[in-house]
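Engineer: My structure is in my_file02.cif, and what it holds is mmCIF, C-alpha atoms:
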```
data_work
#
loop_
_atom_site.label_atom_id
_atom_site.label_comp_id
_atom_site.auth_asym_id
_atom_site.auth_seq_id
_atom_site.Cartn_x
_atom_site.Cartn_y
_atom_site.Cartn_z
CA MET Z 1 110.43 19.95 15.98
CA PHE Z 2 113.96 21.34 15.98
CA ASN Z 3 114.41 20.15 19.55
CA ARG Z 4 113.47 16.66 18.47
CA LEU Z 5 115.74 16.83 15.46
CA PHE Z 6 118.74 18.05 17.45
CA GLY Z 7 117.91 16.07 20.57
CA LYS Z 8 117.62 12.65 18.98
CA PRO Z 9 121.32 12.26 18.06
CA LYS Z 10 122.24 13.26 21.63
CA GLN Z 11 119.95 10.60 23.04
CA GLU Z 12 121.44 7.99 20.74
CA THR Z 13 124.95 9.09 21.77
CA ASN Z 14 124.05 8.76 25.44
CA ALA Z 15 122.59 5.29 24.89
CA LEU Z 16 125.68 4.14 22.98
CA ALA Z 17 128.00 5.63 25.61
CA THR Z 18 126.09 3.81 28.36
CA LEU Z 19 126.33 0.51 26.49
CA ASP Z 20 130.06 1.02 25.99
CA LYS Z 21 130.50 1.75 29.71
CA LEU Z 22 128.57 -1.38 30.65
CA ASN Z 23 130.69 -3.47 28.29
CA GLU Z 24 133.88 -2.10 29.82
CA THR Z 25 132.63 -2.88 33.32
CA LEU Z 26 131.64 -6.38 32.25
CA GLU Z 27 135.09 -7.04 30.81
CA MET Z 28 136.72 -5.77 34.00
CA LEU Z 29 134.61 -8.10 36.16
CA GLU Z 30 135.42 -11.06 33.92
CA LYS Z 31 139.16 -10.34 34.27
CA LYS Z 32 138.84 -10.18 38.07
CA GLU Z 33 136.95 -13.45 38.04
CA LYS Z 34 139.74 -15.15 36.08
CA VAL Z 35 142.32 -13.85 38.57
CA LEU Z 36 140.31 -15.13 41.51
CA LEU Z 37 139.88 -18.52 39.88
CA LYS Z 38 143.65 -18.77 39.53
CA LYS Z 39 144.05 -17.85 43.21
CA VAL Z 40 141.53 -20.53 44.21
CA ALA Z 41 143.48 -23.13 42.25
CA ALA Z 42 146.72 -21.94 43.85
CA GLU Z 43 145.30 -22.20 47.38
CA VAL Z 44 144.10 -25.74 46.64
CA GLU Z 45 147.62 -26.75 45.55
CA LYS Z 46 149.11 -25.15 48.66
CA ALA Z 47 146.63 -26.98 50.88
CA LYS Z 48 147.63 -30.26 49.27
CA GLU Z 49 151.31 -29.57 49.86
CA PHE Z 50 150.72 -28.67 53.50
CA THR Z 51 148.61 -31.78 53.91
CA ARG Z 52 151.43 -33.92 52.54
CA GLY Z 53 153.82 -32.13 54.97
CA LYS Z 54 151.49 -32.88 57.88
CA ASN Z 55 150.95 -29.12 58.38
CA LYS Z 56 147.24 -29.22 59.02
CA ARG Z 57 147.00 -25.66 60.35
CA ALA Z 58 148.52 -24.16 57.19
CA ALA Z 59 146.33 -26.32 54.99
CA ILE Z 60 143.22 -25.09 56.78
CA GLN Z 61 144.29 -21.47 56.26
CA CYS Z 62 144.65 -22.15 52.56
CA LEU Z 63 141.12 -23.56 52.43
CA LYS Z 64 139.78 -20.51 54.27
CA ARG Z 65 141.36 -18.17 51.73
CA LYS Z 66 139.94 -20.38 48.98
CA ARG Z 67 136.45 -19.93 50.47
CA LEU Z 68 136.90 -16.15 50.55
CA TYR Z 69 137.99 -16.12 46.92
CA GLU Z 70 135.00 -18.27 45.97
CA GLN Z 71 132.66 -15.81 47.72
CA GLN Z 72 134.18 -12.97 45.71
CA ILE Z 73 133.78 -15.00 42.51
CA GLU Z 74 130.12 -15.58 43.33
CA GLN Z 75 129.66 -11.86 44.01
CA LEU Z 76 131.34 -10.99 40.70
CA GLY Z 77 129.01 -13.43 38.96
CA ASN Z 78 125.99 -11.60 40.42
CA PHE Z 79 127.43 -8.28 39.27
CA GLN Z 80 127.89 -9.63 35.75
CA LEU Z 81 124.35 -10.93 35.71
CA ARG Z 82 122.99 -7.52 36.69
CA ILE Z 83 125.05 -5.80 34.03
CA HIS Z 84 123.79 -8.25 31.41
CA ASP Z 85 120.21 -7.50 32.50
CA GLN Z 86 120.88 -3.76 32.30
CA MET Z 87 122.36 -4.06 28.81
CA ILE Z 88 119.44 -6.14 27.58
CA MET Z 89 116.92 -3.64 28.96
CA LEU Z 90 118.86 -0.70 27.55
CA GLU Z 91 119.12 -2.28 24.09
CA GLY Z 92 115.42 -3.11 24.20
CA ALA Z 93 114.56 0.45 25.24
CA LYS Z 94 116.77 1.80 22.44
CA ALA Z 95 115.05 -0.42 19.88
CA THR Z 96 111.64 0.62 21.21
CA THR Z 97 112.56 4.30 21.04
CA GLU Z 98 113.83 3.96 17.47
CA THR Z 99 110.69 2.09 16.48
CA VAL Z 100 108.43 4.74 18.03
CA ASP Z 101 110.43 7.52 16.34
CA ALA Z 102 110.14 5.75 12.99
CA LEU Z 103 106.40 5.28 13.43
CA ARG Z 104 106.01 8.91 14.49
CA THR Z 105 107.95 10.06 11.43
CA GLY Z 106 105.84 7.86 9.15
CA ALA Z 107 102.61 9.14 10.70
CA ALA Z 108 103.75 12.76 10.26
CA ALA Z 109 104.68 12.13 6.62
CA MET Z 110 101.33 10.44 5.99
CA LYS Z 111 99.49 13.33 7.60
CA ALA Z 112 101.42 15.87 5.53
CA MET Z 113 100.62 13.99 2.31
CA GLN Z 114 96.96 13.77 3.22
CA GLN Z 115 96.84 17.49 3.92
CA ALA Z 116 98.55 18.19 0.60
CA THR Z 117 96.13 15.96 -1.34
CA ASN Z 118 92.78 15.81 0.41
CA ILE Z 119 89.71 14.25 -1.14
CA ASP Z 120 88.21 17.61 -2.13
CA ASP Z 121 91.30 18.49 -4.15
CA VAL Z 122 91.23 15.10 -5.85
CA ASP Z 123 87.56 15.48 -6.80
CA LYS Z 124 88.18 19.00 -8.05
CA THR Z 125 91.13 17.87 -10.16
CA MET Z 126 89.14 15.01 -11.70
CA ASP Z 127 86.27 17.39 -12.51
CA GLU Z 128 88.68 19.74 -14.24
CA ILE Z 129 90.18 16.88 -16.26
CA ASN Z 130 86.73 15.68 -17.36
CA GLU Z 131 85.71 19.23 -18.27
CA GLN Z 132 88.84 19.79 -20.34
CA THR Z 133 88.34 16.45 -22.09
CA GLU Z 134 84.75 17.33 -22.99
CA ASN Z 135 85.83 20.75 -24.24
CA MET Z 136 88.47 19.18 -26.46
CA LYS Z 137 85.90 16.79 -27.95
CA GLN Z 138 83.61 19.73 -28.75
CA ILE Z 139 86.48 21.63 -30.35
CA GLN Z 140 87.41 18.65 -32.54
CA GLU Z 141 83.79 18.17 -33.61
CA ALA Z 142 83.51 21.87 -34.46
CA LEU Z 143 86.68 21.75 -36.56
CA SER Z 144 85.48 18.67 -38.47
CA THR Z 145 82.06 20.20 -39.32
CA PRO Z 146 81.84 21.64 -42.91
CA ILE Z 147 81.41 25.39 -43.13
CA GLY Z 148 80.38 27.82 -45.91
CA ALA Z 149 79.07 26.41 -49.22
CA ALA Z 150 80.24 22.89 -48.37
CA ALA Z 151 77.83 22.80 -45.43
CA ASP Z 152 74.81 23.12 -47.83
CA PHE Z 153 75.67 20.06 -49.91
CA ASP Z 154 73.28 17.12 -49.60
CA GLU Z 155 75.13 13.87 -49.09
CA ASP Z 156 72.28 11.83 -50.66
CA GLU Z 157 72.32 13.95 -53.81
CA LEU Z 158 76.07 13.60 -54.11
CA GLU Z 159 75.82 9.82 -53.81
CA ALA Z 160 73.07 9.69 -56.46
CA GLU Z 161 75.21 11.78 -58.82
CA LEU Z 162 78.16 9.46 -58.21
CA GLU Z 163 75.98 6.44 -59.11
CA GLU Z 164 74.94 8.15 -62.38
CA LEU Z 165 78.57 8.77 -63.29
CA GLU Z 166 79.44 5.13 -62.60
CA GLY Z 167 76.48 3.95 -64.76
CA ALA Z 168 77.49 6.22 -67.63
CA GLU Z 169 81.08 4.98 -67.44
CA LEU Z 170 79.90 1.35 -67.60
CA GLU Z 171 77.62 2.05 -70.58
CA GLU Z 172 80.44 3.79 -72.47
CA GLN Z 173 82.67 0.77 -71.97
CA LEU Z 174 79.97 -1.54 -73.36
CA LEU Z 175 79.51 0.60 -76.50
CA GLN Z 176 83.21 0.66 -77.38
CA PRO Z 177 84.09 -1.61 -80.43
CA ALA Z 178 85.70 -4.89 -79.56
CA THR Z 179 89.31 -5.10 -80.74
CA THR Z 180 90.38 -8.37 -82.32
CA ALA Z 181 93.93 -9.52 -82.28
CA PRO Z 182 95.43 -9.91 -85.78
CA ALA Z 183 95.73 -13.50 -86.90
CA ALA Z 184 99.24 -14.85 -86.96
CA PRO Z 185 100.55 -15.31 -90.53
CA VAL Z 186 100.78 -18.88 -91.67
CA GLN Z 187 104.20 -19.84 -92.88
CA ALA Z 188 104.00 -21.62 -96.22
CA PRO Z 189 106.30 -24.57 -96.84
CA ALA Z 190 109.44 -23.86 -98.81
CA GLY Z 191 108.81 -23.75 -102.53
CA LYS Z 192 105.05 -23.23 -102.13
CA LYS Z 193 103.08 -19.97 -102.28
CA PRO Z 194 100.95 -19.04 -99.23
CA VAL Z 195 97.31 -19.78 -99.63
CA PRO Z 196 95.13 -16.72 -98.84
CA GLN Z 197 92.77 -17.21 -95.92
CA LYS Z 198 89.08 -17.26 -96.72
CA HIS Z 199 86.59 -15.22 -94.62
CA THR Z 200 83.11 -16.43 -93.98
CA ALA Z 201 80.11 -14.26 -94.65
CA GLU Z 202 79.52 -13.71 -90.92
CA GLU Z 203 83.08 -12.49 -90.41
CA GLU Z 204 82.81 -10.06 -93.32
CA GLU Z 205 79.47 -8.75 -92.05
CA LEU Z 206 80.96 -8.21 -88.55
CA ALA Z 207 83.92 -6.35 -90.02
CA ASP Z 208 81.59 -4.03 -91.99
CA LEU Z 209 79.54 -3.33 -88.85
CA GLN Z 210 82.64 -2.46 -86.82
CA ALA Z 211 83.81 -0.12 -89.60
CA GLU Z 212 80.45 1.71 -89.62
CA MET Z 213 80.48 2.10 -85.79
CA ALA Z 214 83.98 3.50 -85.97
CA LEU Z 215 82.71 6.28 -88.30
#
```
Once more with this new file: its structure as structure tokens, please.
Structural biologist:
Amino acid sequence: MFNRLFGKPKQETNALATLDKLNETLEMLEKKEKVLLKKVAAEVEKAKEFTRGKNKRAAIQCLKRKRLYEQQIEQLGNFQLRIHDQMIMLEGAKATTETVDALRTGAAAMKAMQQATNIDDVDKTMDEINEQTENMKQIQEALSTPIGAAADFDEDELEAELEELEGAELEEQLLQPATTAPAAPVQAPAGKKPVPQKHTAEEEELADLQAEMAL
């Protein structure tokens, strides 16, 4: 494990160094190609000048050198193509290696988590939770159950007694004397004496009955 941990950065460093070296080589070949292209153009101009001066031999020599430069340019082009292929393969291999390492790390983490929480442990934990929940319910029921003398009381008897109390209260309210609001005094007109109100026989009899009940 430690070898993988300490070896992976070294491998990445080597891959990056190789890519940098290939890039440097590619730039060097491109510069040489540009120089050769300029030489080809120069030989063409020289051949034209010699042709205008009727110096056929010199013009042919210029064309020969141009052909040699063109062969070198073609060779440099093949070198560049091979370097491009190498860089593409190296970058692909680097991406593949990183992908495999990431998948390997994920698989190891998944395996570690599964070992830490296997199905037996999960079932055991759930059983313990259910057991504790049931115990708590039993404890709450035990605490809410009446104890001592209160446990011997009959709920039906208590309800019957409560109904008797309510009936007695209602009967007492019915037997209480009805209170009548005093009649408002009648204002007599100015200069006249108030006429005393007359009570009927039924009103006087009711008043007597209320007085007797009050005693």
Engineer: Could you jot down the atom CA of Ala109 of chain Z to atom CA of Ala15 of chain Z separation for me, Å, one decimal place?
Structural biologist: 26.5 Å
Engineer: Just the number, please: distance in Å from atom CA of Val44 of chain Z to atom CA of Asn78 of chain Z, one decimal.
Structural biologist: 23.8 Å
Engineer: Have a look at Z:Ala47, Z:Glu24, Z:Glu169, Z:Asp123 and name the one nearest to Lys66 of chain Z; count all atoms listed in the file.
Structural biologist: Z:Ala47
Engineer: Choose the residue, out of Z:Leu26, Z:Gly53, Z:Asp127, Z:Arg65, that has the smallest atom-to-atom separation from Ala41 of chain Z; count only C-alpha atoms.
Structural biologist: Z:Arg65
Engineer: Go ahead and fit an axis-aligned box to every listed atom of segment 121-129 of chain Z plus 6 Å each side, and pass me the centre and edge lengths in Å, one decimal, as AutoDock Vina command-line options.
Structural biologist:
```
--center_x 88.8 --center_y 17.4 --center_z -10.2 --size_x 17.0 --size_y 16.7 --size_z 24.1
```
Engineer: To one decimal place in Å, what is the distance between atom CA of Met87 of chain Z and atom CA of Glu30 of chain Z?
Structural biologist: 15.7 Å
Engineer: Using all atoms listed in the file, which residues sit within 10 Å of segment 36-40 of chain Z once same-chain residues fewer than 6 positions away are excluded, as a list in words?
Structural biologist: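 Contacts, in chain order: Glu30, Lys46, Cys62, Leu63, Arg65, Lys66, Arg67, Leu68, Tyr69, Glu70, Gln71, Gln72, Ile73 and Leu76 of chain Z.
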Engineer: Any chance you could export the current selection's C-alpha atoms as a JSON list (two decimals), in the coordinates of the input?
Structural biologist:
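What follows is the written file out-v2.json:
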```
[["chain", "number", "residue", "atom", "x", "y", "z"],
["Z", 30, "GLU", "CA", 135.42, -11.06, 33.92],
["Z", 46, "LYS", "CA", 149.11, -25.15, 48.66],
["Z", 62, "CYS", "CA", 144.65, -22.15, 52.56],
["Z", 63, "LEU", "CA", 141.12, -23.56, 52.43],
["Z", 65, "ARG", "CA", 141.36, -18.17, 51.73],
["Z", 66, "LYS", "CA", 139.94, -20.38, 48.98],
["Z", 67, "ARG", "CA", 136.45, -19.93, 50.47],
["Z", 68, "LEU", "CA", 136.90, -16.15, 50.55],
["Z", 69, "TYR", "CA", 137.99, -16.12, 46.92],
["Z", 70, "GLU", "CA", 135.00, -18.27, 45.97],
["Z", 71, "GLN", "CA", 132.66, -15.81, 47.72],
["Z", 72, "GLN", "CA", 134.18, -12.97, 45.71],
["Z", 73, "ILE", "CA", 133.78, -15.00, 42.51],
["Z", 76, "LEU", "CA", 131.34, -10.99, 40.70]]
```
Engineer: Write out as a tab-separated table (two decimals) with C-alpha atoms, in the frame of the given file each polymer residue whose atoms come within 12 Å of Leu19 of chain Z, counting all atoms listed in the file; drop sequence neighbours fewer than 3 positions from it.
Structural biologist:
```
chain	number	residue	atom	x	y	z
Z	12	GLU	CA	121.44	7.99	20.74
Z	13	THR	CA	124.95	9.09	21.77
Z	14	ASN	CA	124.05	8.76	25.44
Z	15	ALA	CA	122.59	5.29	24.89
Z	16	LEU	CA	125.68	4.14	22.98
Z	22	LEU	CA	128.57	-1.38	30.65
Z	23	ASN	CA	130.69	-3.47	28.29
Z	24	GLU	CA	133.88	-2.10	29.82
Z	25	THR	CA	132.63	-2.88	33.32
Z	26	LEU	CA	131.64	-6.38	32.25
Z	83	ILE	CA	125.05	-5.80	34.03
Z	84	HIS	CA	123.79	-8.25	31.41
Z	85	ASP	CA	120.21	-7.50	32.50
Z	86	GLN	CA	120.88	-3.76	32.30
Z	87	MET	CA	122.36	-4.06	28.81
Z	88	ILE	CA	119.44	-6.14	27.58
Z	89	MET	CA	116.92	-3.64	28.96
Z	90	LEU	CA	118.86	-0.70	27.55
Z	91	GLU	CA	119.12	-2.28	24.09
Z	92	GLY	CA	115.42	-3.11	24.20
Z	93	ALA	CA	114.56	0.45	25.24
Z	94	LYS	CA	116.77	1.80	22.44
```
